[in-house]
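Contents: one structure, followed by commentary.
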Amino acid sequence: MTIAVIVDAVRTPLAKGKPGGAYSEIHPVGLHAHVLRALMDRTGVDPALVDDVISGAVGQIGEQSGNTARWALLAAGFPESVPGVTVDRQCGSSQQALHFAAQGVIAGAYDVVIASGVESMSRVPIGSQFAGKDFAGPQVHARYDGGLVPQGISAELIAHRWGLSRLQLDEFAAESHQRAATAWKDGRFDSQVSYVNNLRTDETIRPRSTVESLSALRPAFRNEHWEQRFPQLDWQVTAGNSSPVNDGAAALLVTSEEAAARLGLRPRARVHSFAVVGDDPILMLTGIIPATKKVLARAGLSIEDIDAFEVNEAFSSVVLAWQKDTGADLSKVNMHGGAIAIGHPMGSSGARLTTSLLNVLEQREGRYGLQVMCEAGGLANATIIERI
């Protein structure tokens with residue numbers, strides 16, 4: 001069977017996804033183009049050899065609409081002959097782009113392909129694509145008594161169901177900031193970033209965050225409506241134990257082993273196994289649990305075989321519930337910090353996590369890395385890569 005390999009991976013530092021953030025004056029096509037150019041420069045690959053650019057973006061409206069992948073590759077100076085397509089699997093969009101890229105290589109449809117993602121939440125604010133419209137329709141709401149809920153409510157429901165305390169959520173969040181700050185200080189991110197606008201670190205890392213400072217924050221999603229619908233909740237999810245909004249982009253070069261050898265490229269990892277699942281859209285963010293079990297079963301591996309995990313930190317409660325259910329060693333999870341500190345530019349987060357996971361495996365001499373991403377609608381992607 002043809003094997004898909006990751007030759008290289010690059011990301012921007014992540015900026016605050018608000019007016020005044022470091023990238024708020026950059027068009028998302030330009031931000032995306034930056035990592036595409038950087039990937040070509042780092043690998044020395046002729047862009048004309050790229051069979052496709054598969055990219056994730058969540059807010060596909062305005063400046064991120066009209067198949068933004070196509071405009072980014074043209075802005076990056078790629079030949080007009082190179083195609084591009086934009087994927088929306090919500091927060092897992094660029095992780096799904098990696099799956100599609102690897103599947104295309106394995107099927108023989110691609111020799112050289114880019115999986116990437118972008119999100120400019122300063123210029124295309126979260127939820128802009130909905131414009132106040134009901135995206136699910138009455139039949140879906142009727143299926144789920146009381147209708148769908150926002151992700152913050154799902155995070156509260158998860159904290160309640162898994163018996164997670166506010167202290168646990170805040171401790172996890174504070175640790176994320178400390179790990180990320182230490183990783184930057186120790187140069188752990190240097191090899192994976194391509195700098196933009198003189199931003200030299202992820203802009204939302206708060207090294208001084210402590211459990212005490214986080215404990216002073218009020219619940220972010222509590223209001224009378226949700227209190228009436230879910231009277232059992234303790235209301236423990238805050239801005240401090242949730243991911244922020246961010247701008248950023250990331251890109252990975254995926255090839256067949258044969259194409260890498262022919263082009264004189266050194267693969268860094270194999271795309272070993274992948275899986276995608278659907279789960280309860282009210283709990284919404286728990287799909288990472290069955291996704292982890294599914295991808296491990298496909299790989300013929302156990303949770304103990306995994307040397308490093310990247311679990312997207314949409315909320316502290318999501319990662320802690322996943323850890324309780326899977327039994328994963330928390331010291332191996334997001335070893336250089338996660339989205340609560342580093343940030344969560346939704347369309348690029350999947351590619352960002354793979355970039356971080358690849359570097360963690362190399363720096364810590366691990367073999368297998370597992371990445372999992374919770375997604376709106378009760379979806380989740382899981383990926384296992386094997387360091388070469």
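Within each chain, counting starts at residue 1; across the structure tokens, chains are named A, B, ... in the order shown, with ligands numbered 1 upward in that order.
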
Applying 8 Å and only C-alpha atoms, which residues near A:Gly92 remain after dropping the ones on its own chain fewer than 2 positions away? List them as a PDB file with N, CA and C atoms, in the first residue's frame.
ATOM      1  N   GLY A  56      -8.549  24.183   5.420  1.00  0.00           N
ATOM      2  CA  GLY A  56      -9.674  24.358   6.320  1.00  0.00           C
ATOM      3  C   GLY A  56      -9.947  25.823   6.597  1.00  0.00           C
ATOM      4  N   ASP A  88     -14.879  22.436   5.340  1.00  0.00           N
ATOM      5  CA  ASP A  88     -15.493  22.887   6.593  1.00  0.00           C
ATOM      6  C   ASP A  88     -15.977  21.680   7.385  1.00  0.00           C
ATOM      7  N   ARG A  89     -15.170  21.240   8.340  1.00  0.00           N
ATOM      8  CA  ARG A  89     -15.638  20.320   9.365  1.00  0.00           C
ATOM      9  C   ARG A  89     -15.476  21.038  10.703  1.00  0.00           C
ATOM     10  N   GLN A  90     -15.898  22.277  10.712  1.00  0.00           N
ATOM     11  CA  GLN A  90     -15.832  23.138  11.889  1.00  0.00           C
ATOM     12  C   GLN A  90     -14.403  23.146  12.453  1.00  0.00           C
ATOM     13  N   SER A  94      -8.963  21.745   9.223  1.00  0.00           N
ATOM     14  CA  SER A  94      -7.643  21.489   8.642  1.00  0.00           C
ATOM     15  C   SER A  94      -7.093  20.131   9.049  1.00  0.00           C
ATOM     16  N   GLN A  95      -7.609  19.536  10.134  1.00  0.00           N
ATOM     17  CA  GLN A  95      -7.257  18.145  10.412  1.00  0.00           C
ATOM     18  C   GLN A  95      -7.921  17.240   9.382  1.00  0.00           C
ATOM     19  N   GLN A  96      -9.157  17.561   9.014  1.00  0.00           N
ATOM     20  CA  GLN A  96      -9.813  16.825   7.941  1.00  0.00           C
ATOM     21  C   GLN A  96      -9.080  17.035   6.617  1.00  0.00           C
ATOM     22  N   MET A 346      -9.895  28.645  14.456  1.00  0.00           N
ATOM     23  CA  MET A 346     -10.593  27.384  14.222  1.00  0.00           C
ATOM     24  C   MET A 346     -10.190  26.643  12.947  1.00  0.00           C
ATOM     25  N   GLY A 347     -10.187  27.330  11.826  1.00  0.00           N
ATOM     26  CA  GLY A 347      -9.891  26.644  10.577  1.00  0.00           C
ATOM     27  C   GLY A 347      -8.482  26.134  10.461  1.00  0.00           C
ATOM     28  N   SER A 349      -6.594  25.203  13.324  1.00  0.00           N
ATOM     29  CA  SER A 349      -6.170  24.534  14.554  1.00  0.00           C
ATOM     30  C   SER A 349      -5.741  23.088  14.320  1.00  0.00           C
ATOM     31  N   GLY A 350      -6.413  22.371  13.438  1.00  0.00           N
ATOM     32  CA  GLY A 350      -6.015  20.995  13.176  1.00  0.00           C
ATOM     33  C   GLY A 350      -4.603  20.902  12.648  1.00  0.00           C
ATOM     34  N   MET A 373      -9.593  16.127  17.887  1.00  0.00           N
ATOM     35  CA  MET A 373     -10.214  17.447  17.829  1.00  0.00           C
ATOM     36  C   MET A 373     -11.728  17.339  17.980  1.00  0.00           C
ATOM     37  N   CYS A 374     -12.275  18.028  18.985  1.00  0.00           N
ATOM     38  CA  CYS A 374     -13.735  18.110  19.103  1.00  0.00           C
ATOM     39  C   CYS A 374     -14.255  19.167  18.133  1.00  0.00           C
ATOM     40  N   GLU A 375     -15.502  18.942  17.658  1.00  0.00           N
ATOM     41  CA  GLU A 375     -16.032  19.798  16.598  1.00  0.00           C
ATOM     42  C   GLU A 375     -17.521  20.039  16.796  1.00  0.00           C
ATOM     43  N   ALA A 380     -15.855  14.579  15.587  1.00  0.00           N
ATOM     44  CA  ALA A 380     -14.467  14.576  16.051  1.00  0.00           C
ATOM     45  C   ALA A 380     -13.587  13.845  15.049  1.00  0.00           C
ATOM     46  N   ASN A 381     -12.406  14.378  14.826  1.00  0.00           N
ATOM     47  CA  ASN A 381     -11.366  13.742  14.029  1.00  0.00           C
ATOM     48  C   ASN A 381     -10.262  13.250  14.946  1.00  0.00           C
TER      49      ASN A 381
END

Considering only C-alpha atoms, tabulate each residue of stretch 62-115 of chain A that lies at most 7 Å from stretch 259-283 of chain A along with its nearest interatomic pair and the corresponding distance in Å to one decimal; arrange the rows by chain and ascending residue number and present them as a tab-separated table.
residue	atom	partner	partner_atom	distance
A:His99	CA	A:Phe274	CA	6.8
A:Ala102	CA	A:Val271	CA	6.9
A:Asp111	CA	A:Ala259	CA	5.9

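Residue nearest A:Gln232, chosen from A:Ala216, A:Ile114, A:Arg161, A:Val360 and counting only C-alpha atoms: A:Arg161.
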
Provide the atom CA of A:Leu98 to atom CA of A:Ser116 distance in Å, to one decimal place. 7.5 Å

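Neighbours of stretch 130-139 of chain A closer than or equal to 12 Å, with only C-alpha atoms counted and sequence neighbours fewer than 5 positions away skipped, come out as Val58, Gly59, Gln60, Ile61, Gly62, Val124, Pro125, Tyr144, Asp145, Gly146, Gly147, Leu148, Val149, Pro281, Ala376 and Gly377 of chain A.
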
Write a file of the selected residues as a CSV table (one decimal), in the first residue's frame, keeping N, CA and C atoms.
chain,number,residue,atom,x,y,z
A,58,VAL,N,-13.4,27.9,8.8
A,58,VAL,CA,-14.7,27.8,9.4
A,58,VAL,C,-15.6,28.9,9.0
A,59,GLY,N,-15.2,30.2,9.2
A,59,GLY,CA,-16.0,31.3,8.9
A,59,GLY,C,-15.9,31.6,7.4
A,60,GLN,N,-16.6,30.8,6.6
A,60,GLN,CA,-16.5,30.9,5.1
A,60,GLN,C,-17.6,32.0,4.6
A,61,ILE,N,-17.2,33.2,4.9
A,61,ILE,CA,-18.0,34.3,4.5
A,61,ILE,C,-17.1,35.5,4.4
A,62,GLY,N,-17.5,36.5,3.6
A,62,GLY,CA,-16.7,37.7,3.4
A,62,GLY,C,-15.3,37.4,2.9
A,124,VAL,N,-13.1,38.1,10.5
A,124,VAL,CA,-14.3,37.4,10.3
A,124,VAL,C,-14.7,36.8,11.6
A,125,PRO,N,-15.4,37.6,12.4
A,125,PRO,CA,-15.7,37.1,13.8
A,125,PRO,C,-16.5,35.8,13.9
A,144,TYR,N,-34.0,17.1,19.1
A,144,TYR,CA,-33.4,17.2,20.4
A,144,TYR,C,-34.2,18.2,21.3
A,145,ASP,N,-34.9,17.6,22.3
A,145,ASP,CA,-35.8,18.3,23.1
A,145,ASP,C,-35.2,19.6,23.6
A,146,GLY,N,-35.8,20.7,23.3
A,146,GLY,CA,-35.3,22.0,23.7
A,146,GLY,C,-34.4,22.6,22.7
A,147,GLY,N,-34.0,21.9,21.7
A,147,GLY,CA,-33.2,22.5,20.7
A,147,GLY,C,-31.7,22.4,21.0
A,148,LEU,N,-30.9,22.8,20.0
A,148,LEU,CA,-29.4,22.8,20.1
A,148,LEU,C,-28.9,23.8,21.1
A,149,VAL,N,-27.7,23.7,21.5
A,149,VAL,CA,-27.1,24.6,22.5
A,149,VAL,C,-25.7,25.1,22.0
A,281,PRO,N,-24.9,15.7,19.6
A,281,PRO,CA,-24.7,17.2,19.3
A,281,PRO,C,-25.1,18.1,20.4
A,376,ALA,N,-18.0,21.2,16.4
A,376,ALA,CA,-19.4,21.5,16.5
A,376,ALA,C,-20.2,20.5,15.8
A,377,GLY,N,-21.4,20.3,16.4
A,377,GLY,CA,-22.3,19.3,15.8
A,377,GLY,C,-22.1,17.9,16.3

Name all residues at most 7 Å from stretch 322-338 of chain A (count only C-alpha atoms; drop same-chain ones fewer than 4 positions away) and give them as a list of chain:residue names. A:Ser176, A:His177, A:Arg179, A:Ala180, A:Ala183, A:Ile288, A:Ile289, A:Ile303, A:Asp307, A:Ala308, A:Phe309, A:Glu310, A:Val311, A:Asn312, A:Glu313, A:Val318, A:Ile342
